[in-house]
Structures are given as C-alpha cells and as structure tokens.
>>> print(open('coords01.txt').read())   # compact mmCIF, N, CA and C atoms
# COMPACT_ATOMS: atom_id res chain seq x y z
N MET A 29 -52.12 -11.57 31.85
CA MET A 29 -51.25 -11.06 32.89
C MET A 29 -51.29 -11.98 34.11
N LEU A 30 -52.47 -12.11 34.75
CA LEU A 30 -52.55 -12.92 35.95
C LEU A 30 -53.04 -14.33 35.67
N GLY A 31 -53.40 -14.59 34.45
CA GLY A 31 -53.84 -15.92 34.08
C GLY A 31 -55.34 -16.03 34.14
N PRO A 32 -55.89 -17.05 33.49
CA PRO A 32 -57.34 -17.20 33.43
C PRO A 32 -57.97 -17.68 34.73
N THR A 33 -57.18 -18.19 35.68
CA THR A 33 -57.77 -18.73 36.90
C THR A 33 -58.12 -17.65 37.91
N ILE A 34 -57.55 -16.46 37.77
CA ILE A 34 -57.83 -15.39 38.73
C ILE A 34 -58.87 -14.47 38.12
N ASN A 35 -59.97 -14.33 38.80
CA ASN A 35 -61.07 -13.54 38.30
C ASN A 35 -61.11 -12.20 39.04
N VAL A 36 -60.55 -11.16 38.42
CA VAL A 36 -60.56 -9.82 39.01
C VAL A 36 -61.19 -8.86 38.01
N SER A 37 -61.63 -7.73 38.52
CA SER A 37 -62.24 -6.73 37.64
C SER A 37 -61.18 -6.08 36.76
N ASP A 38 -61.64 -5.43 35.70
CA ASP A 38 -60.72 -4.81 34.75
C ASP A 38 -59.90 -3.69 35.40
N ASP A 39 -60.54 -2.88 36.24
CA ASP A 39 -59.77 -1.80 36.87
C ASP A 39 -58.73 -2.33 37.84
N THR A 40 -59.01 -3.44 38.50
CA THR A 40 -58.01 -4.06 39.38
C THR A 40 -56.87 -4.64 38.57
N GLU A 41 -57.18 -5.21 37.42
CA GLU A 41 -56.13 -5.75 36.56
C GLU A 41 -55.24 -4.63 36.04
N VAL A 42 -55.83 -3.49 35.67
CA VAL A 42 -55.04 -2.33 35.23
C VAL A 42 -54.17 -1.83 36.38
N LEU A 43 -54.72 -1.81 37.57
CA LEU A 43 -53.97 -1.37 38.75
C LEU A 43 -52.78 -2.29 39.02
N LEU A 44 -52.99 -3.59 38.91
CA LEU A 44 -51.91 -4.55 39.14
C LEU A 44 -50.84 -4.45 38.06
N LYS A 45 -51.25 -4.23 36.82
CA LYS A 45 -50.29 -4.07 35.73
C LYS A 45 -49.45 -2.81 35.95
N GLU A 46 -50.09 -1.73 36.36
CA GLU A 46 -49.36 -0.48 36.64
C GLU A 46 -48.38 -0.69 37.81
N LEU A 47 -48.78 -1.45 38.81
CA LEU A 47 -47.89 -1.75 39.93
C LEU A 47 -46.66 -2.51 39.44
N GLN A 48 -46.85 -3.47 38.55
CA GLN A 48 -45.72 -4.23 38.00
C GLN A 48 -44.79 -3.32 37.20
N GLU A 49 -45.38 -2.43 36.39
CA GLU A 49 -44.57 -1.52 35.58
C GLU A 49 -43.76 -0.57 36.45
N ARG A 50 -44.38 -0.06 37.51
CA ARG A 50 -43.65 0.84 38.41
C ARG A 50 -42.52 0.12 39.13
N LYS A 51 -42.75 -1.13 39.50
CA LYS A 51 -41.71 -1.91 40.16
C LYS A 51 -40.53 -2.14 39.21
N VAL A 52 -40.82 -2.47 37.96
CA VAL A 52 -39.76 -2.70 36.98
C VAL A 52 -38.98 -1.41 36.74
N LYS A 53 -39.69 -0.29 36.62
CA LYS A 53 -39.04 1.01 36.40
C LYS A 53 -38.15 1.36 37.58
N TRP A 54 -38.65 1.18 38.79
CA TRP A 54 -37.87 1.50 39.99
C TRP A 54 -36.64 0.61 40.09
N ASP A 55 -36.79 -0.69 39.80
CA ASP A 55 -35.65 -1.61 39.85
C ASP A 55 -34.59 -1.22 38.84
N ARG A 56 -35.02 -0.84 37.64
CA ARG A 56 -34.07 -0.43 36.59
C ARG A 56 -33.30 0.82 37.03
N MET A 57 -34.00 1.78 37.59
CA MET A 57 -33.34 3.01 38.04
C MET A 57 -32.41 2.72 39.21
N LYS A 58 -32.83 1.82 40.09
CA LYS A 58 -32.02 1.47 41.25
C LYS A 58 -30.73 0.77 40.84
N LYS A 59 -30.78 -0.05 39.79
CA LYS A 59 -29.59 -0.74 39.31
C LYS A 59 -28.62 0.22 38.64
N MET A 60 -29.13 1.27 38.01
CA MET A 60 -28.29 2.20 37.27
C MET A 60 -27.55 3.17 38.21
N GLN A 61 -28.08 3.41 39.39
CA GLN A 61 -27.51 4.41 40.30
C GLN A 61 -26.07 4.13 40.71
N PRO A 62 -25.71 2.92 41.12
CA PRO A 62 -24.29 2.68 41.48
C PRO A 62 -23.34 2.83 40.30
N ILE A 63 -23.79 2.45 39.12
CA ILE A 63 -22.93 2.59 37.93
C ILE A 63 -22.62 4.06 37.68
N LEU A 64 -23.65 4.90 37.76
CA LEU A 64 -23.44 6.33 37.55
C LEU A 64 -22.54 6.93 38.63
N SER A 65 -22.72 6.50 39.86
CA SER A 65 -21.90 7.02 40.95
C SER A 65 -20.43 6.62 40.78
N ILE A 66 -20.19 5.37 40.41
CA ILE A 66 -18.81 4.92 40.21
C ILE A 66 -18.17 5.64 39.04
N LEU A 67 -18.92 5.82 37.96
CA LEU A 67 -18.40 6.53 36.80
C LEU A 67 -18.07 7.98 37.14
N THR A 68 -18.94 8.63 37.88
CA THR A 68 -18.68 10.01 38.31
C THR A 68 -17.45 10.08 39.19
N GLY A 69 -17.34 9.17 40.15
CA GLY A 69 -16.18 9.15 41.03
C GLY A 69 -14.88 8.88 40.29
N GLY A 70 -14.93 7.96 39.33
CA GLY A 70 -13.74 7.66 38.54
C GLY A 70 -13.27 8.85 37.73
N ILE A 71 -14.19 9.52 37.07
CA ILE A 71 -13.83 10.71 36.30
C ILE A 71 -13.32 11.81 37.22
N LEU A 72 -13.94 11.96 38.39
CA LEU A 72 -13.49 12.98 39.34
C LEU A 72 -12.06 12.71 39.80
N LEU A 73 -11.75 11.45 40.11
CA LEU A 73 -10.38 11.12 40.53
C LEU A 73 -9.38 11.38 39.40
N PHE A 74 -9.76 11.06 38.17
CA PHE A 74 -8.87 11.33 37.04
C PHE A 74 -8.68 12.83 36.82
N VAL A 75 -9.72 13.61 37.00
CA VAL A 75 -9.62 15.07 36.88
C VAL A 75 -8.71 15.63 37.97
N ILE A 76 -8.86 15.13 39.17
CA ILE A 76 -8.00 15.60 40.27
C ILE A 76 -6.54 15.25 39.99
N TYR A 77 -6.29 14.04 39.49
CA TYR A 77 -4.93 13.63 39.15
C TYR A 77 -4.35 14.54 38.07
N LEU A 78 -5.12 14.77 36.99
CA LEU A 78 -4.64 15.65 35.92
C LEU A 78 -4.44 17.08 36.41
N LEU A 79 -5.33 17.54 37.25
CA LEU A 79 -5.23 18.89 37.79
C LEU A 79 -3.95 19.04 38.61
N TYR A 80 -3.64 18.04 39.39
CA TYR A 80 -2.43 18.09 40.20
C TYR A 80 -1.18 18.03 39.32
N ARG A 81 -1.13 17.03 38.42
CA ARG A 81 0.09 16.80 37.62
C ARG A 81 0.35 17.90 36.60
N GLN A 82 -0.70 18.38 35.93
CA GLN A 82 -0.49 19.29 34.82
C GLN A 82 -0.75 20.75 35.15
N VAL A 83 -1.35 21.03 36.30
CA VAL A 83 -1.63 22.43 36.60
C VAL A 83 -0.93 22.88 37.89
N ILE A 84 -1.19 22.21 38.98
CA ILE A 84 -0.68 22.68 40.27
C ILE A 84 0.84 22.55 40.34
N VAL A 85 1.38 21.45 39.87
CA VAL A 85 2.83 21.26 39.91
C VAL A 85 3.53 22.30 39.02
N ARG A 86 3.00 22.56 37.85
CA ARG A 86 3.62 23.50 36.92
C ARG A 86 3.47 24.96 37.33
N SER A 87 2.39 25.27 38.03
CA SER A 87 2.10 26.69 38.32
C SER A 87 2.95 27.26 39.45
N GLY A 88 3.32 26.43 40.38
CA GLY A 88 4.11 26.89 41.51
C GLY A 88 3.33 27.79 42.46
N GLY A 89 2.00 27.71 42.43
CA GLY A 89 1.18 28.48 43.34
C GLY A 89 0.67 29.79 42.76
N ASN A 90 1.06 30.13 41.55
CA ASN A 90 0.61 31.36 40.91
C ASN A 90 -0.83 31.18 40.42
N ALA A 91 -1.76 31.96 40.97
CA ALA A 91 -3.18 31.80 40.67
C ALA A 91 -3.50 32.08 39.20
N LEU A 92 -2.89 33.10 38.62
CA LEU A 92 -3.15 33.41 37.22
C LEU A 92 -2.62 32.32 36.30
N LEU A 93 -1.48 31.76 36.66
CA LEU A 93 -0.92 30.68 35.86
C LEU A 93 -1.77 29.41 35.98
N ILE A 94 -2.33 29.18 37.16
CA ILE A 94 -3.23 28.03 37.36
C ILE A 94 -4.43 28.15 36.43
N LEU A 95 -5.04 29.33 36.41
CA LEU A 95 -6.20 29.56 35.55
C LEU A 95 -5.83 29.41 34.08
N GLU A 96 -4.68 29.92 33.69
CA GLU A 96 -4.23 29.83 32.30
C GLU A 96 -3.96 28.38 31.90
N LEU A 97 -3.35 27.61 32.78
CA LEU A 97 -3.06 26.21 32.48
C LEU A 97 -4.34 25.37 32.38
N ILE A 98 -5.30 25.68 33.22
CA ILE A 98 -6.58 24.96 33.16
C ILE A 98 -7.28 25.24 31.83
N ILE A 99 -7.33 26.50 31.44
CA ILE A 99 -8.01 26.88 30.20
C ILE A 99 -7.26 26.33 28.99
N ALA A 100 -5.94 26.29 29.03
CA ALA A 100 -5.14 25.83 27.90
C ALA A 100 -5.24 24.31 27.69
N ASN A 101 -5.49 23.56 28.72
CA ASN A 101 -5.55 22.10 28.63
C ASN A 101 -6.98 21.68 28.23
N LYS A 102 -7.18 21.33 26.98
CA LYS A 102 -8.50 20.96 26.45
C LYS A 102 -9.03 19.68 27.10
N LEU A 103 -8.16 18.70 27.32
CA LEU A 103 -8.58 17.46 27.94
C LEU A 103 -9.10 17.70 29.35
N LEU A 104 -8.38 18.49 30.10
CA LEU A 104 -8.79 18.79 31.47
C LEU A 104 -10.10 19.56 31.50
N CYS A 105 -10.25 20.53 30.61
CA CYS A 105 -11.51 21.30 30.54
C CYS A 105 -12.68 20.39 30.18
N GLY A 106 -12.46 19.52 29.20
CA GLY A 106 -13.52 18.61 28.79
C GLY A 106 -13.90 17.63 29.89
N LEU A 107 -12.90 17.08 30.55
CA LEU A 107 -13.18 16.15 31.65
C LEU A 107 -13.83 16.85 32.84
N LEU A 108 -13.43 18.06 33.10
CA LEU A 108 -14.04 18.83 34.18
C LEU A 108 -15.51 19.10 33.88
N LEU A 109 -15.78 19.49 32.66
CA LEU A 109 -17.16 19.72 32.24
C LEU A 109 -17.96 18.42 32.28
N ALA A 110 -17.36 17.32 31.82
CA ALA A 110 -18.04 16.03 31.86
C ALA A 110 -18.31 15.59 33.30
N CYS A 111 -17.36 15.83 34.18
CA CYS A 111 -17.52 15.45 35.58
C CYS A 111 -18.66 16.24 36.23
N ILE A 112 -18.71 17.52 35.98
CA ILE A 112 -19.78 18.35 36.54
C ILE A 112 -21.13 17.92 35.98
N SER A 113 -21.18 17.71 34.67
CA SER A 113 -22.44 17.29 34.04
C SER A 113 -22.89 15.92 34.56
N LEU A 114 -21.97 15.00 34.67
CA LEU A 114 -22.32 13.66 35.16
C LEU A 114 -22.73 13.70 36.63
N PHE A 115 -22.11 14.55 37.41
CA PHE A 115 -22.51 14.69 38.81
C PHE A 115 -23.94 15.22 38.90
N LEU A 116 -24.26 16.24 38.12
CA LEU A 116 -25.62 16.80 38.13
C LEU A 116 -26.63 15.77 37.64
N TYR A 117 -26.27 15.02 36.59
CA TYR A 117 -27.16 13.98 36.07
C TYR A 117 -27.37 12.88 37.11
N THR A 118 -26.31 12.48 37.78
CA THR A 118 -26.41 11.43 38.80
C THR A 118 -27.28 11.87 39.97
N SER A 119 -27.12 13.11 40.42
CA SER A 119 -27.95 13.59 41.53
C SER A 119 -29.41 13.72 41.09
N ASN A 120 -29.63 14.12 39.84
CA ASN A 120 -31.00 14.20 39.33
C ASN A 120 -31.62 12.81 39.25
N ARG A 121 -30.86 11.83 38.78
CA ARG A 121 -31.36 10.45 38.71
C ARG A 121 -31.65 9.89 40.11
N ALA A 122 -30.86 10.29 41.10
CA ALA A 122 -31.11 9.83 42.47
C ALA A 122 -32.44 10.38 42.97
N ARG A 123 -32.72 11.64 42.67
CA ARG A 123 -34.02 12.21 43.04
C ARG A 123 -35.16 11.51 42.31
N GLU A 124 -34.97 11.23 41.01
CA GLU A 124 -36.00 10.52 40.24
C GLU A 124 -36.21 9.10 40.77
N THR A 125 -35.14 8.46 41.21
CA THR A 125 -35.25 7.12 41.77
C THR A 125 -36.07 7.14 43.05
N GLU A 126 -35.81 8.12 43.90
CA GLU A 126 -36.59 8.25 45.14
C GLU A 126 -38.06 8.55 44.84
N LYS A 127 -38.30 9.38 43.83
CA LYS A 127 -39.67 9.69 43.44
C LYS A 127 -40.37 8.45 42.89
N ALA A 128 -39.66 7.65 42.08
CA ALA A 128 -40.23 6.41 41.54
C ALA A 128 -40.53 5.42 42.66
N LYS A 129 -39.65 5.38 43.66
CA LYS A 129 -39.89 4.50 44.80
C LYS A 129 -41.13 4.93 45.55
N GLY A 130 -41.29 6.23 45.75
CA GLY A 130 -42.47 6.75 46.44
C GLY A 130 -43.76 6.43 45.68
N LYS A 131 -43.73 6.61 44.36
CA LYS A 131 -44.92 6.29 43.56
C LYS A 131 -45.24 4.80 43.62
N TYR A 132 -44.20 3.98 43.56
CA TYR A 132 -44.41 2.53 43.64
C TYR A 132 -45.00 2.15 45.00
N GLU A 133 -44.44 2.69 46.07
CA GLU A 133 -44.93 2.36 47.41
C GLU A 133 -46.37 2.83 47.62
N ASP A 134 -46.70 4.02 47.12
CA ASP A 134 -48.07 4.52 47.25
C ASP A 134 -49.06 3.61 46.52
N LEU A 135 -48.69 3.20 45.31
CA LEU A 135 -49.57 2.32 44.54
C LEU A 135 -49.66 0.94 45.18
N ARG A 136 -48.56 0.47 45.75
CA ARG A 136 -48.57 -0.83 46.42
C ARG A 136 -49.53 -0.82 47.60
N ILE A 137 -49.51 0.27 48.36
CA ILE A 137 -50.42 0.40 49.50
C ILE A 137 -51.87 0.47 49.02
N GLU A 138 -52.09 1.17 47.90
CA GLU A 138 -53.44 1.24 47.34
C GLU A 138 -53.92 -0.15 46.90
N VAL A 139 -53.03 -0.95 46.32
CA VAL A 139 -53.39 -2.31 45.92
C VAL A 139 -53.72 -3.15 47.14
N ILE A 140 -52.95 -3.00 48.19
CA ILE A 140 -53.21 -3.76 49.43
C ILE A 140 -54.58 -3.39 49.98
N GLU A 141 -54.90 -2.11 49.97
CA GLU A 141 -56.20 -1.68 50.49
C GLU A 141 -57.35 -2.15 49.58
N ARG A 142 -57.12 -2.14 48.28
CA ARG A 142 -58.17 -2.57 47.36
C ARG A 142 -58.43 -4.06 47.46
N LEU A 143 -57.39 -4.84 47.63
CA LEU A 143 -57.53 -6.29 47.69
C LEU A 143 -57.72 -6.79 49.12
N ASP A 144 -58.20 -5.94 49.98
CA ASP A 144 -58.40 -6.31 51.38
C ASP A 144 -59.38 -7.47 51.46
N ALA A 145 -58.96 -8.53 52.12
CA ALA A 145 -59.78 -9.72 52.25
C ALA A 145 -59.95 -10.07 53.73
N SER A 146 -61.00 -10.79 54.00
CA SER A 146 -61.22 -11.21 55.39
C SER A 146 -60.30 -12.37 55.73
N TRP A 147 -60.32 -12.76 56.98
CA TRP A 147 -59.47 -13.85 57.43
C TRP A 147 -60.08 -15.21 57.12
N LEU A 148 -61.32 -15.21 56.74
CA LEU A 148 -61.99 -16.47 56.44
C LEU A 148 -61.68 -16.90 55.02
N LYS A 149 -61.58 -18.19 54.81
CA LYS A 149 -61.33 -18.73 53.47
C LYS A 149 -62.60 -18.59 52.64
N ASP A 150 -62.48 -17.84 51.54
CA ASP A 150 -63.57 -17.73 50.58
C ASP A 150 -62.96 -17.43 49.21
N VAL A 151 -63.78 -17.17 48.24
CA VAL A 151 -63.30 -16.93 46.88
C VAL A 151 -62.42 -15.69 46.83
N LYS A 152 -62.82 -14.64 47.55
CA LYS A 152 -62.06 -13.39 47.54
C LYS A 152 -60.68 -13.59 48.15
N SER A 153 -60.60 -14.30 49.26
CA SER A 153 -59.30 -14.50 49.90
C SER A 153 -58.41 -15.41 49.05
N GLU A 154 -58.98 -16.40 48.38
CA GLU A 154 -58.19 -17.27 47.51
C GLU A 154 -57.64 -16.49 46.32
N SER A 155 -58.46 -15.60 45.76
CA SER A 155 -57.99 -14.76 44.65
C SER A 155 -56.86 -13.87 45.11
N ARG A 156 -57.01 -13.30 46.29
CA ARG A 156 -55.95 -12.43 46.83
C ARG A 156 -54.67 -13.22 47.05
N ASP A 157 -54.79 -14.43 47.57
CA ASP A 157 -53.61 -15.26 47.78
C ASP A 157 -52.91 -15.60 46.47
N GLN A 158 -53.69 -15.88 45.42
CA GLN A 158 -53.10 -16.18 44.12
C GLN A 158 -52.39 -14.95 43.55
N ILE A 159 -53.03 -13.79 43.65
CA ILE A 159 -52.41 -12.55 43.16
C ILE A 159 -51.14 -12.25 43.94
N SER A 160 -51.22 -12.39 45.25
CA SER A 160 -50.07 -12.11 46.11
C SER A 160 -48.90 -13.03 45.80
N SER A 161 -49.16 -14.31 45.64
CA SER A 161 -48.06 -15.24 45.36
C SER A 161 -47.49 -15.01 43.97
N PHE A 162 -48.33 -14.69 42.98
CA PHE A 162 -47.84 -14.40 41.63
C PHE A 162 -46.94 -13.17 41.63
N LEU A 163 -47.41 -12.08 42.24
CA LEU A 163 -46.61 -10.84 42.26
C LEU A 163 -45.32 -11.04 43.04
N SER A 164 -45.38 -11.83 44.09
CA SER A 164 -44.18 -12.07 44.89
C SER A 164 -43.16 -12.89 44.12
N LYS A 165 -43.59 -13.93 43.44
CA LYS A 165 -42.67 -14.79 42.70
C LYS A 165 -42.12 -14.12 41.44
N GLU A 166 -42.98 -13.48 40.67
CA GLU A 166 -42.57 -12.95 39.37
C GLU A 166 -41.88 -11.59 39.45
N PHE A 167 -42.35 -10.72 40.34
CA PHE A 167 -41.86 -9.33 40.35
C PHE A 167 -41.27 -8.90 41.69
N ASP A 168 -41.25 -9.79 42.67
CA ASP A 168 -40.76 -9.46 44.01
C ASP A 168 -41.53 -8.27 44.60
N ILE A 169 -42.86 -8.30 44.44
CA ILE A 169 -43.73 -7.25 44.97
C ILE A 169 -44.50 -7.82 46.15
N ASN A 170 -44.42 -7.14 47.28
CA ASN A 170 -45.09 -7.56 48.48
C ASN A 170 -46.41 -6.82 48.61
N ILE A 171 -47.52 -7.53 48.52
CA ILE A 171 -48.81 -6.89 48.77
C ILE A 171 -49.48 -7.49 50.02
N VAL A 172 -48.68 -8.09 50.86
CA VAL A 172 -49.21 -8.65 52.10
C VAL A 172 -49.14 -7.60 53.20
N TYR A 173 -48.02 -6.89 53.32
CA TYR A 173 -47.82 -5.89 54.36
C TYR A 173 -47.71 -4.51 53.76
N LYS A 174 -48.23 -3.52 54.47
CA LYS A 174 -48.13 -2.14 53.99
C LYS A 174 -46.75 -1.55 54.25
N THR A 175 -46.13 -1.94 55.36
CA THR A 175 -44.82 -1.38 55.70
C THR A 175 -43.79 -2.46 55.76
>>> encode(input="coords01.txt", output="structure tokens")
Amino acid sequence: MLGPTINVSDDTEVLLKELQERKVKWDRMKKMQPILSILTGGILLFVIYLLYRQVIVRSGGNALLILELIIANKLLCGLLLACISLFLYTSNRARETEKAKGKYEDLRIEVIERLDASWLKDVKSESRDQISSFLSKEFDINIVYKT
C-alpha cells in the first residue's frame, strides 16, 4: 500500500487503508449525485409536460375528469411513479453522501492526530511527510490540516 520505504505499524496501515477506501467511496457517491438529480429533473419535466398536454388541456378544469385521465394514461402513471421513486432515491443518496463525507472527515482527523509529528526533522516526521505526500498525490487526501 504505502511501499516498503515507509515503516508504520500494522494498525496505522489499516487505518490509512480505511481512509483511502472511505475517500474513494465518498468520491464515487459525490460523482453520482448530479447524474441522479439531472435524471430526476428530466423525468419531472417530462411528466409535467405530459400532464399538461394529455390531462389538463383535455379535462377543461373538471377535477373528476383530471383524476380519470391520469389513471387511464399508463405512461403518465408509470412516469409519475418513477419520478417519485427516483426523487426519494436521490434524496436518500444525498443523505448517504453527507454521512459518508462525515465518516471520511472524522477518520481523516483521527489519522492526523495519530500521525502527529514534531516540527523537528526526525524519522517520525519524515515518515509522516512521505505518507502525507503519497495520500495527497494518489487519493487527494489532505492529512496536513484538520479543517
């Protein structure tokens, strides 16, 4: 994982590997969020268009006829159900993304505290510098600052 030149304990290596995995998971979830939002918005706009063209225009304002036309149109019912389901899924994924970000940030802070080094150049500070530069280059993980 970190290479043979960095000498860290096994529990620290497990901690760093878990930090990398959480970062990858959070990045993957973060990339998926705009796609889900755009897809939900697109389906919603199409449902609104179909609702206007095939239900509201034909009904003439009659509430019972509006309900009957909505139920009779299978495509509209299916898209409406898909839109609601996708909206709920998207909002759930947004909450999971925030939770994954929180877990990643908590573990990142724990790694920073565990790898605390003095300001003087020694073996410990050199190891920390190597770990920090590796994580920064390979995974875009900052373990230099807590905030």
>>> select_by_dssp(input="coords01.txt", residues="chain A", states="alpha helix (DSSP H)", output="PyMOL selection string")
chain A and resi 38-79+85-87+91-100+102-142+151-167
>>> atom_distance(input="coords01.txt", atom1="atom CA of A:Ser164", atom2="atom CA of A:Lys152")
18.1 Å
>>> residues_around(input="coords01.txt", residues="A:Glu46", least_positions_apart="6", cutoff="10 Å", atoms="only C-alpha atoms", output="list in words")
Thr40, Val52, Tyr132, Leu135 and Arg136 of chain A
>>> closest_residue(input="coords01.txt", among="A:Ile84, A:Ile171, A:Ile94, A:Val75", to="A:Leu107", atoms="all atoms listed in the file")
A:Val75
>>> closest_residue(input="coords01.txt", among="A:Gln48, A:Gly89, A:Asp38, A:Asn120", to="A:Lys165", atoms="only C-alpha atoms")
A:Gln48
>>> atom_distance(input="coords01.txt", atom1="atom N of A:Ala100", atom2="atom N of A:Arg81")
14.0 Å
>>> atom_distance(input="coords01.txt", atom1="atom CA of A:Ala128", atom2="atom CA of A:Glu166")
19.6 Å
>>> residues_around(input="coords01.txt", residues="A:Asn170", least_positions_apart="3", cutoff="10 Å", atoms="only C-alpha atoms", output="list of chain:residue names")
A:Glu133, A:Arg136, A:Ile137, A:Ile140, A:Ser160, A:Ser161, A:Leu163, A:Ser164, A:Lys165, A:Phe167, A:Tyr173, A:Lys174, A:Thr175
>>> closest_residue(input="coords01.txt", among="A:Val139, A:Val85, A:Leu72, A:Val172", to="A:Gly106", atoms="only C-alpha atoms")
A:Leu72
>>> closest_residue(input="coords01.txt", among="A:Met57, A:Val42, A:Ile99, A:Leu67", to="A:Glu124", atoms="only N, CA and C atoms")
A:Met57
>>> closest_residue(input="coords01.txt", among="A:Thr125, A:Gly70, A:Leu78, A:Ser37", to="A:Lys102", atoms="only C-alpha atoms")
A:Leu78
>>> closest_residue(input="coords01.txt", among="A:Ile66, A:Ile112, A:Cys105, A:Ile98", to="A:Gln82", atoms="all atoms listed in the file")
A:Ile98
